[in-house]
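Novice: Attaching a single structure in structure tokens format; questions to follow.
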Amino acid sequence: MSSNTHSGPGPTALNPAGPSALVESLFPPGVAAAELCTPGDPALLDPEEALIVARAVPKRAGEFAAGRLCARSALARFGIGSFAVRVAPDRQPLWPAGLVGSITHTQGFCAAVIGEHARFVGLGLDTEKADAVSPNLWPSICVAEELAWIASLPAGERTRAATLVFAAKEAFYKCQYPSTSEWLSFSDVRIVPLDWAMLQGSFQIEARRALGVFAAAPRPLRAAYRFHEEFVTAGVALVRESD
């Protein structure tokens, strides 16, 4: 029996994470997503997952547990029951064979999205508090064109726009890393909002240097975002090209 399947009380207890239409709306058809708006209970973790945060502070343990519970709910949509989502040495989630996915968690919102590897090269998901990126951080996150776009907006929209840029770049990084193992800086890509709105819209990701991920996907890449409650969530999918 595989060492990361278990039938203990943690994995079989009632999972508070449920399907997320919001997150699924950010991706092409074929993904399964789940969300949870409260910290997760570490007691519900698989024993192997619990070991990862055995010495973590309660806040970290609750966020981690929420992410794994969301992952568990999404995996169930693919017919996968007890599966410990462990971490690789580089801290990436280790998904079941044949699947790719992404997890995001911030205070008050956690989600996971999963898809079949035969359909997706990678999936990336990131949620931030919509006012999280203060002006002093903009120059370290944004390239010149992004800063010019932010400056062109009404003052009340600028922090939200800068946070979208940050979330979009984080989602793209999560999407491409599992297939490339390539570390990126914020200056390696440019985010171009295609239909900026204070609720939802799409954006384009343009590479500013040669990136390995674009060997397996068209460039530039189009993705989606949504503002909800006090958050902004960005989703990026690399769809595998048909033969």
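So you can find residues: chains in the structure tokens are A, B, ... in the order shown, residues in each start at 1, and ligands are numbered from 1 in order.
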So that I can see what lies close to stretch 84-100 of chain A, please list as a PDB file with C-alpha atoms, in the first residue's frame the residues with an atom at most 10 Å from it, counting only C-alpha atoms and leaving out residues fewer than 6 positions away in the same chain.
Specialist:
```pdb
ATOM      1  CA  SER A   3       2.723   5.347   2.114  1.00  0.00           C
ATOM      2  CA  ASN A   4       0.602   8.422   1.376  1.00  0.00           C
ATOM      3  CA  THR A   5      -2.820   6.834   1.591  1.00  0.00           C
ATOM      4  CA  HIS A   6      -4.432   6.601   5.007  1.00  0.00           C
ATOM      5  CA  PRO A  11      -8.774  12.358   6.426  1.00  0.00           C
ATOM      6  CA  VAL A  31     -10.521  22.057 -13.461  1.00  0.00           C
ATOM      7  CA  LEU A  45      -4.935  16.611   8.284  1.00  0.00           C
ATOM      8  CA  ASP A  46      -3.581  13.325   7.025  1.00  0.00           C
ATOM      9  CA  PRO A  47      -0.829  12.123   9.410  1.00  0.00           C
ATOM     10  CA  GLU A  48       1.897  12.809   6.822  1.00  0.00           C
ATOM     11  CA  GLU A  49       0.531  16.308   6.219  1.00  0.00           C
ATOM     12  CA  ALA A  50       0.311  16.956   9.960  1.00  0.00           C
ATOM     13  CA  LEU A  51       4.024  16.209  10.328  1.00  0.00           C
ATOM     14  CA  ILE A  52       4.832  19.122   8.007  1.00  0.00           C
ATOM     15  CA  GLY A  67      -5.005  24.558   1.897  1.00  0.00           C
ATOM     16  CA  ARG A  68      -4.831  20.788   2.288  1.00  0.00           C
ATOM     17  CA  LEU A  69      -8.551  20.551   3.032  1.00  0.00           C
ATOM     18  CA  ALA A  71      -6.962  20.233  -2.063  1.00  0.00           C
ATOM     19  CA  ARG A  72      -8.729  17.193  -0.612  1.00  0.00           C
ATOM     20  CA  LEU A  75      -9.170  15.835  -5.487  1.00  0.00           C
ATOM     21  CA  PHE A  78     -11.388  13.375  -9.643  1.00  0.00           C
ATOM     22  CA  VAL A 113      -7.398  24.203  -8.053  1.00  0.00           C
ATOM     23  CA  ILE A 114      -6.571  20.896  -9.752  1.00  0.00           C
ATOM     24  CA  GLY A 115      -6.616  19.650 -13.339  1.00  0.00           C
ATOM     25  CA  GLU A 116      -5.426  16.714 -15.408  1.00  0.00           C
ATOM     26  CA  HIS A 117      -1.813  16.870 -16.570  1.00  0.00           C
ATOM     27  CA  ALA A 118      -2.881  15.522 -19.941  1.00  0.00           C
ATOM     28  CA  ARG A 119      -4.829  18.764 -20.420  1.00  0.00           C
ATOM     29  CA  PHE A 120      -2.790  21.331 -18.491  1.00  0.00           C
ATOM     30  CA  VAL A 121       0.951  21.911 -18.360  1.00  0.00           C
ATOM     31  CA  GLY A 122       0.390  23.833 -15.148  1.00  0.00           C
ATOM     32  CA  LEU A 123      -2.096  25.777 -13.041  1.00  0.00           C
ATOM     33  CA  GLY A 124      -1.355  28.788 -10.862  1.00  0.00           C
ATOM     34  CA  LYS A 174       3.234  28.910  -9.401  1.00  0.00           C
ATOM     35  CA  CYS A 175       1.918  27.811 -12.802  1.00  0.00           C
ATOM     36  CA  TYR A 177       7.584  26.363 -11.818  1.00  0.00           C
ATOM     37  CA  PRO A 178       6.569  22.675 -11.531  1.00  0.00           C
ATOM     38  CA  SER A 179       7.346  22.048 -15.205  1.00  0.00           C
ATOM     39  CA  SER A 181      11.991  24.541 -11.985  1.00  0.00           C
TER      40      SER A 181
END
```
Novice: Using only C-alpha atoms, determine which residues lie at most 6 Å from stretch 216-231 of chain A, disregarding the query and same-chain residues fewer than 2 positions distant; provide the list as a list in words.
Specialist: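 Near neighbours after the sequence-gap exclusion: Leu26, Glu128, Lys129, Ala130, Leu199, Gln200, Gly201, Ser202, Phe203, Gln204, Ile205, Glu206, Val213, Phe214, Thr233, Ala234, Gly235 and Val236 of chain A.
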Novice: Kindly indicate which residue among A:Leu153, A:Ala33, A:Ala167, A:Ala162 lies nearest to A:Asn136, using only C-alpha atoms for the distances.
Specialist: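 Looking only at the distances to A:Asn136, the closest residue turns out to be A:Ala162.
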Novice: Quick check for you: according to DSSP on this backbone, which residues of stretch 73-183 of chain A are classed as helix (DSSP H, G or I)? Reply as a PyMOL selection string.
Specialist: chain A and resi 73-76+135-141+144-152+155-180
Novice: Near A:Glu35, within 10 Å and counting only C-alpha atoms, which residues show up once chain neighbours fewer than 5 positions away are dropped, as a VMD selection string?
Specialist: chain A and resid 16 to 23 66 to 67 69 to 71 73 to 74 103 to 105 109 to 113
Novice: Quote the spacing between atom CA of A:Trp183 and atom CA of A:Ala151 in Å to one decimal place.
Specialist: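 Separating atom CA of A:Trp183 from atom CA of A:Ala151 is a distance of 28.6 Å.
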